[in-house]
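Read through the structure below, which is laid out as structure tokens, and then see the notes.
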Amino acid sequence: MAVGNEVRSACRYQARIMITIGHHDCRLSDDRETGERMNEARDELLKRLENEARLLRRNLWRALRAGGGGHAGGSSSAADMLTALYFHRMRLKPSEPDWPDRDRFVLSKGHANAALGAVLAQAGFIDDALLDRFYHFESPFGMHPDIKVPGVEMCTGALGHGLAIATGMAYGARIQNKSFHTFVMLGDAELHEGSNWEAAMAAAHYRLDNLTAIVDHNKIGQSGRIEELISLDPLADKWRSFGWEVREIDGHDMGQIVDTFDALPLKKTRPTAIVAHTVKGKGVSFAEDTYLWHSNSVDDEVHARALKELGGA
Amino acid sequence: MNMGASTTAPWREASANQTRLAFGQALLAIGERESRAVVLSADTQDLLGIRPWIANWPDRFIEVGIAEQNAIGIASGLATTGLHPYVCAYAPFIAARSMEQIRNDVAYANQRVVIGAAASGISLGVAGGTHHALEDLALMRSMPNMTVIVPADVNEAYHATLATLDIDGPVYLRLGGRTPEAPVTEDSAGFTLGRASRLRPGNDVTVIACGAMVELALKASDALKAEGIDARVLNMHTIKPLDREAILQAAAETSGIVTAEEHRFAGGLGGAVAELLAVERPTPMRMVAMPDEFAVVGPTVRLREKYGMSAEAIVAACKSLVG
Ligand SMILES: Cc1ncc(C[n+]2csc(CCOP(=O)(O)OP(=O)(O)O)c2C)c(N)n1
Ligand SMILES: [Mg+2]
């Protein structure tokens with residue numbers, strides 16, 4: 001608890017500074033709160049988000065180096081969508097992480113915590129220096145999200161929990177007449193867990209159109225390609241048959257991501273499933289599209305190679 | 001079984017002092033001997049070193065995906081047809097999440113299913129509370145028909161896995177993670193189910209340990225020896241069925257008992273020993289185990305120290321019983 005409080009106050013301080021001096025942070029913490037869209041030209045918006053996503057990838061690799069390794073693959077495939085959520089779509093107050101009306105985000109595939117930590121730092125929820133304490137002794141920033149960290153909504157990491165939790169959050173919003181939207185990001189191999197489909201049935205039954213599930217469909221789990229583990233196909237049809245409104249997108253095309261997020265809910269009375277086609281390890285060639293980089297060691301040399309490809313020093 | 005000069009056994013090197021990998025190596029020997037053996041993975045093909053099995057016997061391998069409950073249910077069904085399923089899984093997910101499938105479909109129905117549960121205890125230290133398995137012994141030993149084994153090193157893990165060839169019922173084999181288990185058993189020691197092995201003689205006090213804590217118990221015994229205290233060390237590799245005789249004998253011959261395990265206080269090895277002694281022969285006891293809290297993030301060895309699962313803690317507990 002003490003650890004959580006320490007981080008909480010540190011990040012509040014950080015957030016305040018960023019709000020006064022930062023450009024996009026004003027947007028994030030002010031306009032996002034009221035839900036008003038900035039009158040930012042679309043190409044400007046996409047450029048801003050793409051820059052933020054590039055920084056996110058550099059930051060997540062920075063965390064992986066601090067930890068000596070970790071889940072580069074699933075963190076990188078999620079990076080563009082996380083950026084669009086935190087820097088465009090979600091209504092949040094980094095200076096008040098527990099703001100009751102905030103949109104919710106649950107990282108069900110909790111092993112992508114390096115990416116979540118990076119986006120929380122960039123958005124001003126946590127101190128940027130925490131990224132250098134990934135995996136460290138007594139650090140609140142470990143392999144999986146810890147609810148004690150500001151901005152983290154649930155302790156996830158055991159796969160197949162997040163969709164039910166998000167369903168509960170969305171139902172909670174309805175009962176309390178709140179307008180916040182709940183997002184949950186799922187791994188594709190994670191969908192092997194039957195608990196996902198129990199929650200999928202419930203969310204559709206209760207017509208939770210304030211709930212959006214994003215499937216990071218990178219086609220790879222831990223041991224290999226999902227086709228060779230247990231096939232998910234036809235994945236979009238599965239969601240449809242469970243009563244969800246489905247859209248398939250390129251999860252690295254910022255334009256498609258933004259357009260889809262802006263159109264939510266895709267259909268009134270239905271929860272939305274975004275099946276985002278992605279590349280595991282996206283952005284660093286040696287880590288792309290291979291189960292070997294689901295999780296792997298990252299030393300200074302590997303980090304330098306990754307950073308070179310990500311336009312870093 | 002006596003492996004003779006088994007330090008050169010091929011499985012040893014492949015196991016790299018990690019019990020989880022010794023399990024996969026033992027499966028290769030089982031595959032040769034037992035055509036009914038079938039291996040199941042829940043997206044855990046590297047965790048227990050079963051890639052060679054998959055290459056050798058692809059038709060006796062079933063990948064079920066990240067679906068631990070399904071893995072246990074399928075294993076139970078396979079067992080009813082006369083096969084001998086070996087489920088390869090993460091301890092934190094297979095024990096708690098599949099508890100009901102294990103209780104009903106495996107233990108209650110008394111099916112011959114072996115669960116290889118890797119990454120137990122706080123071996124996934126930096127992964128945090130979702131990935132620590134500190135309740136699994138309590139869950140698994142609470143069920144009738146279950147056999148529960150916690151090997152201390154690769155030698156024991158290998159032979160305990162081979163011993164499942166002769167166990168006609170459910171088995172939970174608790175294995176470690178990437179932090180190596182130091183060798184503590186003789187190559188020739190083999191494995192006798194339900195029979196604790198005495199690794200150090202001593203009549204002042206007794207340490208009963210399992211898994212990675214056996215090494216620390218030996219260190220503690222050596223440290224105590226230097227101070228003139230003879231601490232007997234029992235390696236209680238089988239948590240169920242418990243070696244009642246060895247425990248009662250230790251209670252009779254020494255002044256008290258210290259248990260040591262990488263598991264919560266509640267319901268583990270210490271609990272099992274206390275349940276026996278409280279009824280049969282009340283004896284002063286101390287327990288070295290994980291306190292009633294969720295562990296912070298950190299490397300396994302540092303977490304053991306932080307939460308008092310250390311040789312120093314065992315020494316202090318022993319002294320408090322003889323002093
Ligand atoms: C219940 C459970 N079983 C097993 C694991 C171990 N595990 C962690 S990540 C992973 C693979 C996940 O693949 P996917 O969901 O496709 O995620 P991504 O490709 O986005 O990294 C596995 C098996 C776990 N964390 N939880
Ligand atoms: Mg995947």
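Ordered as shown in the structure tokens, chains take letters A, B, and onward, while each chain numbers its residues from 1 and ligands are numbered from 1 in the order shown.
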Find the residues in chain A near chain B: any atom within 7 Å counts, using only C-alpha atoms. Write them as number ranges by chain.
A: 135-139, 142-144, 156-158, 189-190, 192-194, 222-223, 229-230
Kindly provide the residues of chain A that approach ligand 1 to within 8 Å, each paired with its closest atom pair and their distance in Å to one decimal, based on only C-alpha atoms and all ligand atoms, listed by chain and increasing number, as JSON lines.
{"residue": "A:His71", "atom": "CA", "partner": "ligand 1", "partner_atom_place_in_ligand_line": "21 (O)", "distance": 6.9}
{"residue": "A:Gly73", "atom": "CA", "partner": "ligand 1", "partner_atom_place_in_ligand_line": "21 (O)", "distance": 5.8}
{"residue": "A:Gly74", "atom": "CA", "partner": "ligand 1", "partner_atom_place_in_ligand_line": "21 (O)", "distance": 3.4}
{"residue": "A:Ser75", "atom": "CA", "partner": "ligand 1", "partner_atom_place_in_ligand_line": "21 (O)", "distance": 6.8}
{"residue": "A:Ser77", "atom": "CA", "partner": "ligand 1", "partner_atom_place_in_ligand_line": "20 (O)", "distance": 6.8}
{"residue": "A:Ala78", "atom": "CA", "partner": "ligand 1", "partner_atom_place_in_ligand_line": "20 (O)", "distance": 7.3}
{"residue": "A:Lys109", "atom": "CA", "partner": "ligand 1", "partner_atom_place_in_ligand_line": "15 (O)", "distance": 6.0}
{"residue": "A:Gly110", "atom": "CA", "partner": "ligand 1", "partner_atom_place_in_ligand_line": "25 (N)", "distance": 7.6}
{"residue": "A:His111", "atom": "CA", "partner": "ligand 1", "partner_atom_place_in_ligand_line": "9 (S)", "distance": 5.9}
{"residue": "A:Ala112", "atom": "CA", "partner": "ligand 1", "partner_atom_place_in_ligand_line": "21 (O)", "distance": 6.7}
{"residue": "A:Gly157", "atom": "CA", "partner": "ligand 1", "partner_atom_place_in_ligand_line": "25 (N)", "distance": 5.1}
{"residue": "A:Ala158", "atom": "CA", "partner": "ligand 1", "partner_atom_place_in_ligand_line": "26 (N)", "distance": 3.7}
{"residue": "A:Leu159", "atom": "CA", "partner": "ligand 1", "partner_atom_place_in_ligand_line": "26 (N)", "distance": 3.9}
{"residue": "A:Gly160", "atom": "CA", "partner": "ligand 1", "partner_atom_place_in_ligand_line": "1 (C)", "distance": 6.3}
{"residue": "A:Leu186", "atom": "CA", "partner": "ligand 1", "partner_atom_place_in_ligand_line": "15 (O)", "distance": 6.6}
{"residue": "A:Gly187", "atom": "CA", "partner": "ligand 1", "partner_atom_place_in_ligand_line": "15 (O)", "distance": 3.3}
{"residue": "A:Asp188", "atom": "CA", "partner": "ligand 1", "partner_atom_place_in_ligand_line": "16 (O)", "distance": 4.2}
{"residue": "A:Ala189", "atom": "CA", "partner": "ligand 1", "partner_atom_place_in_ligand_line": "16 (O)", "distance": 3.7}
{"residue": "A:Glu190", "atom": "CA", "partner": "ligand 1", "partner_atom_place_in_ligand_line": "15 (O)", "distance": 3.6}
{"residue": "A:Leu191", "atom": "CA", "partner": "ligand 1", "partner_atom_place_in_ligand_line": "15 (O)", "distance": 6.8}
{"residue": "A:Glu193", "atom": "CA", "partner": "ligand 1", "partner_atom_place_in_ligand_line": "1 (C)", "distance": 7.4}
{"residue": "A:Asp216", "atom": "CA", "partner": "ligand 1", "partner_atom_place_in_ligand_line": "20 (O)", "distance": 5.7}
{"residue": "A:His217", "atom": "CA", "partner": "ligand 1", "partner_atom_place_in_ligand_line": "16 (O)", "distance": 7.1}
{"residue": "A:Asn218", "atom": "CA", "partner": "ligand 1", "partner_atom_place_in_ligand_line": "19 (O)", "distance": 5.8}
{"residue": "A:Lys219", "atom": "CA", "partner": "ligand 1", "partner_atom_place_in_ligand_line": "16 (O)", "distance": 6.7}
{"residue": "A:Ile220", "atom": "CA", "partner": "ligand 1", "partner_atom_place_in_ligand_line": "19 (O)", "distance": 5.1}
{"residue": "A:Gly221", "atom": "CA", "partner": "ligand 1", "partner_atom_place_in_ligand_line": "13 (O)", "distance": 3.6}
{"residue": "A:Gln222", "atom": "CA", "partner": "ligand 1", "partner_atom_place_in_ligand_line": "11 (C)", "distance": 4.2}
{"residue": "A:Ser223", "atom": "CA", "partner": "ligand 1", "partner_atom_place_in_ligand_line": "23 (C)", "distance": 7.5}
{"residue": "A:Ile226", "atom": "CA", "partner": "ligand 1", "partner_atom_place_in_ligand_line": "16 (O)", "distance": 7.6}
{"residue": "A:Lys280", "atom": "CA", "partner": "ligand 1", "partner_atom_place_in_ligand_line": "19 (O)", "distance": 6.3}
{"residue": "A:His294", "atom": "CA", "partner": "ligand 1", "partner_atom_place_in_ligand_line": "21 (O)", "distance": 5.8}
Tell me, which residues of segment 52-264 of chain B carry DSSP alpha helix (DSSP H), written as a ChimeraX atom specification?
/B:52-56,68-80,91-97,99-101,136-141,154-163,213-226,244-253
Could you name the residues that touch segment 195-209 of chain B at 7 Å or less, counting only C-alpha atoms, but leaving out those on the same chain fewer than 5 positions away, as a PyMOL selection string?
chain B and resi 214+217+229-237+243+246+250+253-261+318+322
Residues from last step as file, N, CA and C atoms, as a PDB file, in the first residue's frame:
ATOM      1  N   VAL B 214      14.572 -27.448   0.693  1.00  0.00           N
ATOM      2  CA  VAL B 214      15.436 -28.513   1.215  1.00  0.00           C
ATOM      3  C   VAL B 214      16.885 -28.032   1.229  1.00  0.00           C
ATOM      4  N   ALA B 217      17.360 -25.877   4.107  1.00  0.00           N
ATOM      5  CA  ALA B 217      17.354 -26.657   5.353  1.00  0.00           C
ATOM      6  C   ALA B 217      18.729 -27.273   5.596  1.00  0.00           C
ATOM      7  N   ILE B 229      24.602 -27.643  17.479  1.00  0.00           N
ATOM      8  CA  ILE B 229      23.221 -28.143  17.453  1.00  0.00           C
ATOM      9  C   ILE B 229      23.071 -29.117  16.289  1.00  0.00           C
ATOM     10  N   ASP B 230      22.608 -30.333  16.604  1.00  0.00           N
ATOM     11  CA  ASP B 230      22.430 -31.337  15.559  1.00  0.00           C
ATOM     12  C   ASP B 230      20.997 -31.310  15.054  1.00  0.00           C
ATOM     13  N   ALA B 231      20.838 -30.762  13.860  1.00  0.00           N
ATOM     14  CA  ALA B 231      19.496 -30.653  13.282  1.00  0.00           C
ATOM     15  C   ALA B 231      19.301 -31.730  12.222  1.00  0.00           C
ATOM     16  N   ARG B 232      18.372 -32.612  12.486  1.00  0.00           N
ATOM     17  CA  ARG B 232      18.003 -33.625  11.500  1.00  0.00           C
ATOM     18  C   ARG B 232      17.283 -32.929  10.339  1.00  0.00           C
ATOM     19  N   VAL B 233      17.555 -33.380   9.132  1.00  0.00           N
ATOM     20  CA  VAL B 233      16.832 -32.811   7.983  1.00  0.00           C
ATOM     21  C   VAL B 233      16.092 -33.920   7.252  1.00  0.00           C
ATOM     22  N   LEU B 234      14.777 -33.769   7.181  1.00  0.00           N
ATOM     23  CA  LEU B 234      13.963 -34.703   6.403  1.00  0.00           C
ATOM     24  C   LEU B 234      13.493 -34.014   5.127  1.00  0.00           C
ATOM     25  N   ASN B 235      13.734 -34.664   4.014  1.00  0.00           N
ATOM     26  CA  ASN B 235      13.219 -34.172   2.737  1.00  0.00           C
ATOM     27  C   ASN B 235      11.836 -34.810   2.530  1.00  0.00           C
ATOM     28  N   MET B 236      10.796 -34.025   2.791  1.00  0.00           N
ATOM     29  CA  MET B 236       9.429 -34.567   2.705  1.00  0.00           C
ATOM     30  C   MET B 236       8.898 -34.322   1.287  1.00  0.00           C
ATOM     31  N   HIS B 237       9.431 -35.106   0.350  1.00  0.00           N
ATOM     32  CA  HIS B 237       9.058 -34.886  -1.056  1.00  0.00           C
ATOM     33  C   HIS B 237       7.620 -35.276  -1.351  1.00  0.00           C
ATOM     34  N   ASP B 243       4.455 -39.150   5.195  1.00  0.00           N
ATOM     35  CA  ASP B 243       5.234 -40.168   5.904  1.00  0.00           C
ATOM     36  C   ASP B 243       5.042 -39.986   7.410  1.00  0.00           C
ATOM     37  N   ALA B 246       7.998 -41.239   9.838  1.00  0.00           N
ATOM     38  CA  ALA B 246       9.197 -40.394   9.930  1.00  0.00           C
ATOM     39  C   ALA B 246       8.930 -39.168  10.799  1.00  0.00           C
ATOM     40  N   ALA B 250      10.585 -38.414  14.461  1.00  0.00           N
ATOM     41  CA  ALA B 250      11.314 -37.165  14.696  1.00  0.00           C
ATOM     42  C   ALA B 250      10.753 -36.449  15.921  1.00  0.00           C
ATOM     43  N   GLU B 253      12.141 -38.261  18.938  1.00  0.00           N
ATOM     44  CA  GLU B 253      13.591 -38.283  19.149  1.00  0.00           C
ATOM     45  C   GLU B 253      14.241 -36.910  19.241  1.00  0.00           C
ATOM     46  N   THR B 254      13.536 -35.875  18.811  1.00  0.00           N
ATOM     47  CA  THR B 254      14.134 -34.532  18.850  1.00  0.00           C
ATOM     48  C   THR B 254      13.210 -33.580  19.607  1.00  0.00           C
ATOM     49  N   SER B 255      13.728 -32.403  19.934  1.00  0.00           N
ATOM     50  CA  SER B 255      12.973 -31.541  20.850  1.00  0.00           C
ATOM     51  C   SER B 255      11.892 -30.707  20.162  1.00  0.00           C
ATOM     52  N   GLY B 256      11.863 -30.745  18.862  1.00  0.00           N
ATOM     53  CA  GLY B 256      10.806 -29.999  18.180  1.00  0.00           C
ATOM     54  C   GLY B 256      10.980 -30.077  16.676  1.00  0.00           C
ATOM     55  N   ILE B 257       9.995 -29.552  15.966  1.00  0.00           N
ATOM     56  CA  ILE B 257       9.999 -29.680  14.506  1.00  0.00           C
ATOM     57  C   ILE B 257       9.798 -28.332  13.836  1.00  0.00           C
ATOM     58  N   VAL B 258      10.664 -28.076  12.857  1.00  0.00           N
ATOM     59  CA  VAL B 258      10.540 -26.879  12.026  1.00  0.00           C
ATOM     60  C   VAL B 258      10.183 -27.339  10.617  1.00  0.00           C
ATOM     61  N   THR B 259       9.110 -26.803  10.066  1.00  0.00           N
ATOM     62  CA  THR B 259       8.792 -27.116   8.669  1.00  0.00           C
ATOM     63  C   THR B 259       9.210 -25.937   7.794  1.00  0.00           C
ATOM     64  N   ALA B 260       9.587 -26.251   6.549  1.00  0.00           N
ATOM     65  CA  ALA B 260      10.027 -25.191   5.634  1.00  0.00           C
ATOM     66  C   ALA B 260       9.516 -25.481   4.235  1.00  0.00           C
ATOM     67  N   GLU B 261       8.818 -24.496   3.661  1.00  0.00           N
ATOM     68  CA  GLU B 261       8.218 -24.684   2.334  1.00  0.00           C
ATOM     69  C   GLU B 261       8.038 -23.330   1.660  1.00  0.00           C
ATOM     70  N   CYS B 318      14.923 -23.148  14.610  1.00  0.00           N
ATOM     71  CA  CYS B 318      15.492 -24.313  15.305  1.00  0.00           C
ATOM     72  C   CYS B 318      15.995 -23.920  16.693  1.00  0.00           C
ATOM     73  N   VAL B 322      15.292 -25.421  20.618  1.00  0.00           N
ATOM     74  CA  VAL B 322      16.252 -26.125  21.479  1.00  0.00           C
ATOM     75  C   VAL B 322      16.706 -25.256  22.647  1.00  0.00           C
TER      76      VAL B 322
END
Would you please give, as a PyMOL selection string, all residues of segment 131-182 of chain B that DSSP assigns to strand (DSSP E or B) based on the backbone?
chain B and resi 133+147-149+171-174
Residues within 12 Å of Met99 of chain B, only C-alpha atoms, excluding chain neighbours under 2 positions, as a PyMOL selection string
chain B and resi 68-73+91-97+101-108+115+135-143+172
Of the listed residues B:Pro284, B:Pro144, B:Pro183, B:Pro291, that which approaches Pro241 of chain B most closely, counting only C-alpha atoms:
B:Pro144
Spatial neighbours of His84 of chain B, max dist 9 Å, only C-alpha atoms, sep filter under 6 positions, as a PDB file with all heavy atoms, in the first residue's frame:
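Heads up, here's the output in result_11.pdb:
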ATOM      1  N   GLU B  34       5.898 -46.778 -21.967  1.00  0.00           N
ATOM      2  CA  GLU B  34       4.456 -46.862 -21.741  1.00  0.00           C
ATOM      3  C   GLU B  34       3.707 -46.274 -22.933  1.00  0.00           C
ATOM      4  O   GLU B  34       3.606 -45.061 -23.088  1.00  0.00           O
ATOM      5  CB  GLU B  34       4.106 -46.098 -20.446  1.00  0.00           C
ATOM      6  CG  GLU B  34       2.651 -46.042 -20.108  1.00  0.00           C
ATOM      7  CD  GLU B  34       1.994 -47.407 -20.103  1.00  0.00           C
ATOM      8  OE1 GLU B  34       2.133 -48.142 -19.086  1.00  0.00           O
ATOM      9  OE2 GLU B  34       1.364 -47.750 -21.109  1.00  0.00           O
ATOM     10  N   SER B  35       3.181 -47.137 -23.756  1.00  0.00           N
ATOM     11  CA  SER B  35       2.530 -46.664 -24.979  1.00  0.00           C
ATOM     12  C   SER B  35       1.195 -45.984 -24.689  1.00  0.00           C
ATOM     13  O   SER B  35       0.624 -45.335 -25.555  1.00  0.00           O
ATOM     14  CB  SER B  35       2.315 -47.826 -25.946  1.00  0.00           C
ATOM     15  OG  SER B  35       1.453 -48.769 -25.348  1.00  0.00           O
ATOM     16  N   ARG B  36       0.694 -46.125 -23.451  1.00  0.00           N
ATOM     17  CA  ARG B  36      -0.578 -45.468 -23.118  1.00  0.00           C
ATOM     18  C   ARG B  36      -0.380 -44.020 -22.658  1.00  0.00           C
ATOM     19  O   ARG B  36      -1.340 -43.294 -22.456  1.00  0.00           O
ATOM     20  CB  ARG B  36      -1.304 -46.257 -22.010  1.00  0.00           C
ATOM     21  CG  ARG B  36      -1.833 -47.606 -22.488  1.00  0.00           C
ATOM     22  CD  ARG B  36      -2.316 -48.457 -21.342  1.00  0.00           C
ATOM     23  NE  ARG B  36      -1.217 -48.874 -20.471  1.00  0.00           N
ATOM     24  CZ  ARG B  36      -1.339 -49.705 -19.432  1.00  0.00           C
ATOM     25  NH1 ARG B  36      -2.523 -50.192 -19.112  1.00  0.00           N
ATOM     26  NH2 ARG B  36      -0.283 -50.033 -18.701  1.00  0.00           N
ATOM     27  N   ALA B  37       0.869 -43.618 -22.464  1.00  0.00           N
ATOM     28  CA  ALA B  37       1.121 -42.245 -21.989  1.00  0.00           C
ATOM     29  C   ALA B  37       0.803 -41.230 -23.082  1.00  0.00           C
ATOM     30  O   ALA B  37       1.184 -41.408 -24.239  1.00  0.00           O
ATOM     31  CB  ALA B  37       2.574 -42.106 -21.545  1.00  0.00           C
ATOM     32  N   VAL B  38       0.083 -40.176 -22.702  1.00  0.00           N
ATOM     33  CA  VAL B  38      -0.299 -39.091 -23.612  1.00  0.00           C
ATOM     34  C   VAL B  38       0.074 -37.776 -22.932  1.00  0.00           C
ATOM     35  O   VAL B  38      -0.122 -37.641 -21.719  1.00  0.00           O
ATOM     36  CB  VAL B  38      -1.824 -39.094 -23.875  1.00  0.00           C
ATOM     37  CG1 VAL B  38      -2.202 -37.999 -24.857  1.00  0.00           C
ATOM     38  CG2 VAL B  38      -2.281 -40.441 -24.382  1.00  0.00           C
ATOM     39  N   VAL B  39       0.604 -36.818 -23.688  1.00  0.00           N
ATOM     40  CA  VAL B  39       0.998 -35.541 -23.091  1.00  0.00           C
ATOM     41  C   VAL B  39       0.083 -34.424 -23.587  1.00  0.00           C
ATOM     42  O   VAL B  39      -0.223 -34.348 -24.777  1.00  0.00           O
ATOM     43  CB  VAL B  39       2.476 -35.215 -23.416  1.00  0.00           C
ATOM     44  CG1 VAL B  39       2.824 -33.781 -23.026  1.00  0.00           C
ATOM     45  CG2 VAL B  39       3.386 -36.204 -22.687  1.00  0.00           C
ATOM     46  N   ALA B  75      -8.146 -34.547 -20.135  1.00  0.00           N
ATOM     47  CA  ALA B  75      -7.275 -35.574 -19.553  1.00  0.00           C
ATOM     48  C   ALA B  75      -8.111 -36.630 -18.831  1.00  0.00           C
ATOM     49  O   ALA B  75      -7.852 -37.836 -18.949  1.00  0.00           O
ATOM     50  CB  ALA B  75      -6.272 -34.933 -18.599  1.00  0.00           C
ATOM     51  N   LEU B  78      -9.697 -38.840 -21.416  1.00  0.00           N
ATOM     52  CA  LEU B  78      -8.682 -39.726 -21.997  1.00  0.00           C
ATOM     53  C   LEU B  78      -8.397 -40.887 -21.044  1.00  0.00           C
ATOM     54  O   LEU B  78      -8.287 -42.044 -21.467  1.00  0.00           O
ATOM     55  CB  LEU B  78      -7.387 -38.949 -22.256  1.00  0.00           C
ATOM     56  CG  LEU B  78      -7.392 -37.920 -23.393  1.00  0.00           C
ATOM     57  CD1 LEU B  78      -6.175 -36.999 -23.276  1.00  0.00           C
ATOM     58  CD2 LEU B  78      -7.407 -38.617 -24.756  1.00  0.00           C
ATOM     59  N   ARG B 112      -6.558 -41.691 -13.566  1.00  0.00           N
ATOM     60  CA  ARG B 112      -5.095 -41.686 -13.595  1.00  0.00           C
ATOM     61  C   ARG B 112      -4.609 -40.513 -14.449  1.00  0.00           C
ATOM     62  O   ARG B 112      -4.319 -40.651 -15.631  1.00  0.00           O
ATOM     63  CB  ARG B 112      -4.629 -43.011 -14.186  1.00  0.00           C
ATOM     64  CG  ARG B 112      -3.144 -43.152 -14.183  1.00  0.00           C
ATOM     65  CD  ARG B 112      -2.759 -44.547 -14.626  1.00  0.00           C
ATOM     66  NE  ARG B 112      -1.323 -44.669 -14.553  1.00  0.00           N
ATOM     67  CZ  ARG B 112      -0.696 -45.788 -14.219  1.00  0.00           C
ATOM     68  NH1 ARG B 112      -1.372 -46.878 -13.970  1.00  0.00           N
ATOM     69  NH2 ARG B 112       0.623 -45.812 -14.162  1.00  0.00           N
ATOM     70  N   VAL B 113      -4.533 -39.348 -13.829  1.00  0.00           N
ATOM     71  CA  VAL B 113      -4.082 -38.137 -14.518  1.00  0.00           C
ATOM     72  C   VAL B 113      -2.902 -37.561 -13.740  1.00  0.00           C
ATOM     73  O   VAL B 113      -3.002 -37.371 -12.519  1.00  0.00           O
ATOM     74  CB  VAL B 113      -5.213 -37.091 -14.607  1.00  0.00           C
ATOM     75  CG1 VAL B 113      -4.688 -35.758 -15.140  1.00  0.00           C
ATOM     76  CG2 VAL B 113      -6.354 -37.606 -15.477  1.00  0.00           C
ATOM     77  N   VAL B 114      -1.804 -37.323 -14.404  1.00  0.00           N
ATOM     78  CA  VAL B 114      -0.637 -36.714 -13.759  1.00  0.00           C
ATOM     79  C   VAL B 114      -0.555 -35.252 -14.195  1.00  0.00           C
ATOM     80  O   VAL B 114      -0.586 -34.952 -15.394  1.00  0.00           O
ATOM     81  CB  VAL B 114       0.666 -37.448 -14.137  1.00  0.00           C
ATOM     82  CG1 VAL B 114       1.874 -36.742 -13.518  1.00  0.00           C
ATOM     83  CG2 VAL B 114       0.602 -38.905 -13.696  1.00  0.00           C
ATOM     84  N   LEU B 165       4.614 -44.046 -13.193  1.00  0.00           N
ATOM     85  CA  LEU B 165       4.288 -45.252 -13.961  1.00  0.00           C
ATOM     86  C   LEU B 165       3.555 -46.261 -13.079  1.00  0.00           C
ATOM     87  O   LEU B 165       2.766 -47.064 -13.577  1.00  0.00           O
ATOM     88  CB  LEU B 165       5.577 -45.884 -14.516  1.00  0.00           C
ATOM     89  CG  LEU B 165       6.197 -45.216 -15.750  1.00  0.00           C
ATOM     90  CD1 LEU B 165       7.634 -45.683 -15.948  1.00  0.00           C
ATOM     91  CD2 LEU B 165       5.353 -45.515 -16.994  1.00  0.00           C
TER      92      LEU B 165
END
Atom CA of Ala117 of chain B and atom CA of Arg20 of chain B, how far apart in Å?
7.9 Å
Residue among A:Lys238, A:Arg42, A:Arg225, A:Lys308 lying closest to ligand 2, counting only C-alpha atoms and all ligand atoms:
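Checking each candidate against ligand 2, we get A:Arg225 as the closest.
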For Ile147 of chain A, which of A:Asn113, A:Leu163, A:Arg89, A:Asp128 is the closest residue, counting only C-alpha atoms?
A:Asn113
d(atom CA of Tyr86 of chain B, atom CA of Gly31 of chain B) in Å
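Computing it gives 10.8 Å between the two atoms.
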